[in-house]
Amino acid sequence: MQGMSPIVKNVTRLVAGFIALFGIYIVLYGHVTPGGGFAGGVILAGGLALVVLAFGEEFARKVLTHEAAQTADSLGAILFLLIALLGYAGGLFFTNLLPVGEVGKLFSAGIIAPCNVAIGIKVGAGLFGVFLALAAFRRAGAGSGGRTGMLEE
Amino acid sequence: MDPILLLLLVLLGFMLVGSLIAVETRDLLSSVICVGAVGFGTSLVFLLLGAPDLAVTQVVVEILVLVVLVRVVITRRDDAAMTSRATLPVGLVLLALGIMAAVVFGTLATADEGGLGMRPFGDPLLNERTEAAVMAPAGEEAPEGAPAEMPKSVGGAFLAHGLTEGQGSRGTGAANYVMGILLDYRAYDTLGEATVIFVAVLGAYAVLRKVGRIRHAGNVADR
Amino acid sequence: MTLAMVPYMLALLILVVGLYAIVAKRNLIKVIVGLLLLDYAANLFLVLVGYRTPAEGAPVAPILTAGAAGAADLAARAVDPLPQALILTSIVIGLSVTALVVALAIRLYEKYGTFDTELMRNLKG
């Protein structure tokens with residue numbers, strides 16, 4: 001898959017940082033304003049997809065690799081499970097044991113904010129990996145099996 | 001008439017027309033774009049109904065689905081005939097749809113008599129309250145300190161008590177009630193959802209991987 | 001059957017259109033389109049159930065913006081938050097299932113060279 005024209009590349013260089021910042025904002029402030037881990041994760045995946053589409057397949061092989069996406073996916077899932085298991089210190093699975101704080105501030109609502117971060121990482125990396133497998137590494141054409149896939153395992 | 005109801009009906013009518021075009025048109029790219037229109041329409045409807053989390057999530061999910069589907073459809077030319085299948089399955093489908101429509105509309109129609117039907121649009125179970133004495137076991141009175149009347153639905157109970165009292169005198173403290181439900185009251189369901197997403201992504205990798213396909217002298221064997 | 005039931009019926013009609021596309025269409029992409037329509041219509045119907053008409057003005061979303069003192073007022077006016085929490089997970093699950101189904105469609109296209117299920121039935125792959 002080729003990259004796109006220099007106009008698209010320059011605009012992507014300008015805009016990708018803002019998309020990532022917006023995604024992180026939606027994830028972090030999920031317990032105060034609309035959004036949360038799922039919406040923020042999908043926004044992050046969309047931003048990464050924009051970068052891969054603009055800069056072509058070699059960029060996806062060197063910098064934003066498939067292995068990195070899979071590792072981040074698994075790390076997000078393990079982090080979410082760890083937060084859940086930490087609840088045993090309060091008596092039950094998934095107990096909300098961090099301080100509740102004042103309503104409407106960033107540091108409030110117990111374990112909801114760290115859970116949002118873990119889910120944001122997991123969903124973003126997982127959906128970016130699926131996007132790479134579906135749309136970035138395939139070439140068109142009617143084959144009959146054989147070596148048309150490019151997913152390195 | 002209520003302006004929000006009017007706007008909602010216009011949007012839903014637009015989505016219905018879009019879905020009919022998406023199903024019946026011959027060009028695959030037009031079909032995918034009409035599905036995109038239906039998805040953005042649902043996002044507008046979510047915003048109109050007071051669900052901003054859902055509107056944000058639906059917009060970005062729709063964008064990703066559109067990008068993947070357009071890329072799949074554009075790079076694969078398929079000139080096969082797109083006629084429907086033979087008459088018998090279509091007849092069975094229409095019969096099943098007719099039965100389903102009869103059941104659904106029959107249920108919806110008895111709502112005003114308070115029978116088996118649904119509550120009218122805009123008046124959910126949230127609006128009803130019941131007395132605390134009803135909740136006590138038979139033959140006893142309501143416990144001390146119980147409120148005079150309690151909400152009848154789970155959502156109403158959460159709206160009334162979830163922020164500060166919650167389960168066992170410690171509320172969620174989250175200003176966004178939906179996130180409070182998702183990650184405190186129903187956190188186990190969110191763990192299940194993360195698992196489902198993980199398994200679906202693994203399934204997509206397993207279907208598309210390269211290792212394991214061997215070509216033996218003209219035969220293709222999938223291991 | 002008053003005008004208040006029409007939003008439910010329109011959402012269920014979209015569901016029926018999606019179901020028809022899954023059963024009666026030959027092209028795999030049309031089947032995927034039907035699956036997507038089914039998903040959107042089901043989510044839409046459940047969110048429609050939880051709507052509470054406001055006394056005046058716009059519908060009130062279940063988000064506390066006025067500090068802890070406004071909680072009681074919000075409890076009397078807000079839209080039901082429970083269907084929204086359930087549908088939020090359902091939307092992202094719908095995206096993952098669509099990705100899996102599109103992966104299957106890509107693989108079938110590689111093997112048979114067409115998206116048409118009738119032709120796939122006749123080719124022995």
# chains A, B, ... in the order shown; residues from 1 in each chain; ligands from 1
call {"tool": "residues_around", "arguments": {"residues": "A:Leu53", "least_positions_apart": "4", "cutoff": "10 Å", "atoms": "only C-alpha atoms", "output": "list in words"}}
result
Met1, Gln2, Gly3, Met4, Val8, Lys9, Thr12, Gly47, Leu48, Ala49, Glu57, Phe59, Ala60, Leu132, Ala135 and Ala136 of chain A
call {"tool": "select_by_dssp", "arguments": {"residues": "stretch 1-147 of chain A", "states": "alpha helix (DSSP H)", "output": "JSON, numbers by chain"}}
result
{"A": [6, 7, 8, 9, 10, 11, 12, 13, 14, 15, 16, 17, 18, 19, 20, 21, 22, 23, 24, 25, 26, 27, 28, 37, 38, 39, 40, 41, 42, 43, 44, 45, 46, 47, 48, 49, 50, 51, 52, 53, 54, 55, 57, 58, 59, 60, 61, 62, 66, 67, 68, 69, 70, 71, 72, 73, 74, 75, 76, 77, 78, 79, 80, 81, 82, 83, 84, 85, 86, 112, 113, 114, 115, 116, 117, 118, 119, 120, 121, 122, 123, 124, 125, 126, 127, 128, 129, 130, 131]}
call {"tool": "residues_around", "arguments": {"residues": "stretch 92-99 of chain B", "least_positions_apart": "5", "cutoff": "9 Å", "atoms": "only C-alpha atoms", "output": "list in words"}}
result
Thr87 and Val104 of chain B; Val16, Leu19, Tyr20, Val23 and Ala24 of chain C
call {"tool": "write_last_selection", "arguments": {"atoms": "C-alpha atoms", "output": "CSV table (one decimal), in the first residue's frame"}}
result
chain,number,residue,atom,x,y,z
B,87,THR,CA,-38.4,-17.7,-4.6
B,104,VAL,CA,-44.4,-6.7,17.7
C,16,VAL,CA,-36.5,-6.1,9.8
C,19,LEU,CA,-32.8,-9.2,8.7
C,20,TYR,CA,-34.1,-9.4,5.2
C,23,VAL,CA,-31.3,-14.0,4.6
C,24,ALA,CA,-32.2,-13.1,1.0
call {"tool": "residues_around", "arguments": {"residues": "C:Gly18", "least_positions_apart": "3", "cutoff": "12 Å", "atoms": "only C-alpha atoms", "output": "compact mmCIF listing (two decimals) with C-alpha atoms, in the first residue's frame"}}
result
# COMPACT_ATOMS: atom_id res chain seq x y z
CA LEU B 16 -35.20 3.88 7.09
CA GLY B 18 -31.16 4.96 3.71
CA SER B 19 -31.29 1.37 4.90
CA LEU B 20 -33.66 0.39 2.09
CA ILE B 21 -31.31 1.96 -0.47
CA ALA B 22 -28.31 0.23 1.14
CA VAL B 23 -29.94 -3.17 0.79
CA GLU B 24 -31.35 -2.85 -2.70
CA VAL B 35 -24.81 2.24 5.75
CA VAL B 38 -27.57 5.21 8.72
CA VAL B 93 -38.44 -14.84 4.92
CA LEU B 97 -41.13 -11.18 8.95
CA ALA C 11 -36.54 1.29 14.68
CA LEU C 12 -38.04 -2.18 14.40
CA LEU C 13 -38.59 -1.66 10.67
CA ILE C 14 -34.88 -0.95 10.22
CA LEU C 15 -34.20 -4.19 12.10
CA ALA C 21 -30.72 -8.46 3.75
CA ILE C 22 -28.97 -11.23 5.69
CA VAL C 23 -31.35 -13.96 4.57
CA ALA C 24 -32.22 -13.10 0.99
CA LYS C 25 -29.12 -11.62 -0.58
CA LYS C 30 -24.83 -7.21 1.27
CA VAL C 31 -24.93 -9.76 4.08
CA ILE C 32 -22.39 -7.70 6.02
CA VAL C 33 -24.49 -4.58 5.39
CA GLY C 34 -27.51 -6.42 6.78
CA LEU C 35 -25.58 -7.40 9.90
CA LEU C 36 -24.56 -3.78 10.47
CA LEU C 37 -28.15 -2.55 10.06
CA LEU C 38 -29.36 -5.18 12.53
CA ASP C 39 -26.80 -3.99 15.05
CA TYR C 40 -27.64 -0.29 14.72
CA ALA C 41 -31.37 -0.91 14.90
CA ALA C 42 -31.13 -3.01 18.07
call {"tool": "interface_residues", "arguments": {"of": "chain B", "to": "chain A", "cutoff": "6 Å", "atoms": "only C-alpha atoms", "output": "MDAnalysis selection string"}}
result
chainID B and resid 52:53 57 75:76 172:176 179 183 209:210
call {"tool": "write_last_selection", "arguments": {"atoms": "N, CA and C atoms", "output": "compact mmCIF listing (two decimals), in the first residue's frame"}}
result
# COMPACT_ATOMS: atom_id res chain seq x y z
N PRO B 52 -24.94 11.61 25.25
CA PRO B 52 -23.73 12.11 24.56
C PRO B 52 -22.59 11.10 24.49
N ASP B 53 -22.44 10.22 25.52
CA ASP B 53 -21.40 9.19 25.42
C ASP B 53 -21.61 8.33 24.21
N THR B 57 -19.19 7.75 20.82
CA THR B 57 -18.70 6.41 20.47
C THR B 57 -19.22 5.97 19.11
N THR B 75 -11.06 -2.15 -3.66
CA THR B 75 -9.94 -2.81 -4.30
C THR B 75 -10.31 -4.17 -4.84
N ARG B 76 -11.56 -4.59 -4.69
CA ARG B 76 -11.93 -5.90 -5.19
C ARG B 76 -13.10 -5.75 -6.14
N THR B 172 -20.30 6.08 44.03
CA THR B 172 -19.25 6.00 43.01
C THR B 172 -18.46 7.30 42.93
N GLY B 173 -19.11 8.44 43.18
CA GLY B 173 -18.39 9.69 43.09
C GLY B 173 -18.14 10.17 41.69
N ALA B 174 -18.70 9.50 40.69
CA ALA B 174 -18.44 9.90 39.31
C ALA B 174 -19.56 10.82 38.84
N ALA B 175 -19.18 11.96 38.24
CA ALA B 175 -20.19 12.88 37.76
C ALA B 175 -20.91 12.33 36.54
N ASN B 176 -20.24 11.46 35.78
CA ASN B 176 -20.84 10.85 34.62
C ASN B 176 -21.49 9.55 35.07
N MET B 179 -20.71 6.17 33.21
CA MET B 179 -19.42 5.56 33.54
C MET B 179 -19.44 4.95 34.93
N LEU B 183 -18.40 1.07 35.21
CA LEU B 183 -17.13 0.66 35.80
C LEU B 183 -17.19 0.48 37.30
N ARG B 209 -4.00 -14.99 8.83
CA ARG B 209 -2.56 -15.14 8.97
C ARG B 209 -1.97 -15.87 7.79
N LYS B 210 -0.65 -15.79 7.66
CA LYS B 210 0.04 -16.35 6.51
C LYS B 210 0.61 -17.70 6.83
call {"tool": "interface_residues", "arguments": {"of": "chain C", "to": "chain A", "cutoff": "8 Å", "atoms": "only C-alpha atoms", "output": "number ranges by chain"}}
result
C: 63-65, 67-68, 89, 92, 96, 99, 102-103, 109-114
call {"tool": "atom_distance", "arguments": {"atom1": "atom CA of C:Ala76", "atom2": "atom CA of B:Ala55"}}
result
23.0 Å
call {"tool": "atom_distance", "arguments": {"atom1": "atom CA of C:Phe115", "atom2": "atom CA of B:Val61"}}
result
24.6 Å
call {"tool": "residues_around", "arguments": {"residues": "B:Val199", "least_positions_apart": "5", "cutoff": "10 Å", "atoms": "only C-alpha atoms", "output": "count of residues only"}}
result
7
call {"tool": "decode", "arguments": {"residues": "stretch 20-53 of chain A", "atoms": "N, CA and C atoms", "output": "short mmCIF file (atom, residue, chain, number, x, y, z; two decimals), in the first residue's frame"}}
result
data_model
loop_
_atom_site.label_atom_id
_atom_site.label_comp_id
_atom_site.auth_asym_id
_atom_site.auth_seq_id
_atom_site.Cartn_x
_atom_site.Cartn_y
_atom_site.Cartn_z
N ALA A 20 -4.35 12.65 18.83
CA ALA A 20 -3.92 11.85 19.98
C ALA A 20 -4.27 12.56 21.29
N LEU A 21 -4.08 13.89 21.30
CA LEU A 21 -4.39 14.65 22.51
C LEU A 21 -5.88 14.58 22.83
N PHE A 22 -6.71 14.67 21.80
CA PHE A 22 -8.15 14.60 22.01
C PHE A 22 -8.56 13.23 22.54
N GLY A 23 -7.95 12.18 21.97
CA GLY A 23 -8.26 10.84 22.44
C GLY A 23 -7.87 10.65 23.90
N ILE A 24 -6.69 11.16 24.28
CA ILE A 24 -6.23 11.01 25.66
C ILE A 24 -7.14 11.81 26.59
N TYR A 25 -7.61 12.98 26.12
CA TYR A 25 -8.52 13.78 26.96
C TYR A 25 -9.83 13.04 27.21
N ILE A 26 -10.37 12.44 26.17
CA ILE A 26 -11.64 11.73 26.32
C ILE A 26 -11.47 10.54 27.26
N VAL A 27 -10.32 9.87 27.20
CA VAL A 27 -10.10 8.72 28.08
C VAL A 27 -9.95 9.18 29.53
N LEU A 28 -9.12 10.22 29.75
CA LEU A 28 -8.81 10.61 31.12
C LEU A 28 -9.99 11.23 31.84
N TYR A 29 -10.79 12.04 31.13
CA TYR A 29 -11.90 12.73 31.77
C TYR A 29 -13.20 11.96 31.60
N GLY A 30 -13.11 10.64 31.44
CA GLY A 30 -14.30 9.86 31.15
C GLY A 30 -15.30 9.85 32.27
N HIS A 31 -14.84 10.09 33.52
CA HIS A 31 -15.80 10.02 34.62
C HIS A 31 -16.40 11.37 34.93
N VAL A 32 -16.02 12.42 34.17
CA VAL A 32 -16.56 13.75 34.45
C VAL A 32 -17.40 14.25 33.29
N THR A 33 -16.92 14.05 32.07
CA THR A 33 -17.63 14.52 30.88
C THR A 33 -17.94 13.30 30.01
N PRO A 34 -18.78 13.46 29.00
CA PRO A 34 -19.11 12.29 28.17
C PRO A 34 -17.89 11.70 27.50
N GLY A 35 -17.90 10.38 27.32
CA GLY A 35 -16.76 9.76 26.65
C GLY A 35 -16.40 8.46 27.32
N GLY A 36 -15.22 8.39 27.88
CA GLY A 36 -14.83 7.17 28.55
C GLY A 36 -13.78 6.40 27.79
N GLY A 37 -13.45 5.23 28.31
CA GLY A 37 -12.37 4.43 27.76
C GLY A 37 -12.63 3.95 26.35
N PHE A 38 -13.88 3.55 26.05
CA PHE A 38 -14.16 2.96 24.74
C PHE A 38 -14.09 3.99 23.64
N ALA A 39 -14.74 5.13 23.83
CA ALA A 39 -14.72 6.17 22.80
C ALA A 39 -13.31 6.69 22.58
N GLY A 40 -12.58 6.92 23.69
CA GLY A 40 -11.21 7.42 23.56
C GLY A 40 -10.30 6.42 22.89
N GLY A 41 -10.48 5.14 23.19
CA GLY A 41 -9.66 4.12 22.56
C GLY A 41 -9.89 4.06 21.06
N VAL A 42 -11.16 4.16 20.65
CA VAL A 42 -11.45 4.13 19.21
C VAL A 42 -10.89 5.36 18.52
N ILE A 43 -10.92 6.53 19.21
CA ILE A 43 -10.33 7.74 18.62
C ILE A 43 -8.83 7.56 18.43
N LEU A 44 -8.15 6.96 19.42
CA LEU A 44 -6.71 6.75 19.28
C LEU A 44 -6.41 5.80 18.13
N ALA A 45 -7.24 4.74 18.01
CA ALA A 45 -7.03 3.82 16.89
C ALA A 45 -7.23 4.53 15.56
N GLY A 46 -8.22 5.42 15.50
CA GLY A 46 -8.45 6.17 14.27
C GLY A 46 -7.29 7.08 13.92
N GLY A 47 -6.69 7.72 14.94
CA GLY A 47 -5.54 8.57 14.68
C GLY A 47 -4.36 7.78 14.14
N LEU A 48 -4.10 6.61 14.75
CA LEU A 48 -3.01 5.77 14.26
C LEU A 48 -3.30 5.26 12.85
N ALA A 49 -4.58 4.96 12.58
CA ALA A 49 -4.93 4.52 11.23
C ALA A 49 -4.68 5.62 10.21
N LEU A 50 -4.96 6.87 10.61
CA LEU A 50 -4.69 8.00 9.69
C LEU A 50 -3.22 8.07 9.35
N VAL A 51 -2.36 7.89 10.37
CA VAL A 51 -0.92 7.99 10.12
C VAL A 51 -0.46 6.87 9.18
N VAL A 52 -0.97 5.66 9.41
CA VAL A 52 -0.56 4.54 8.55
C VAL A 52 -1.05 4.72 7.13
N LEU A 53 -2.27 5.23 6.97
CA LEU A 53 -2.81 5.41 5.62
C LEU A 53 -2.03 6.50 4.87
#
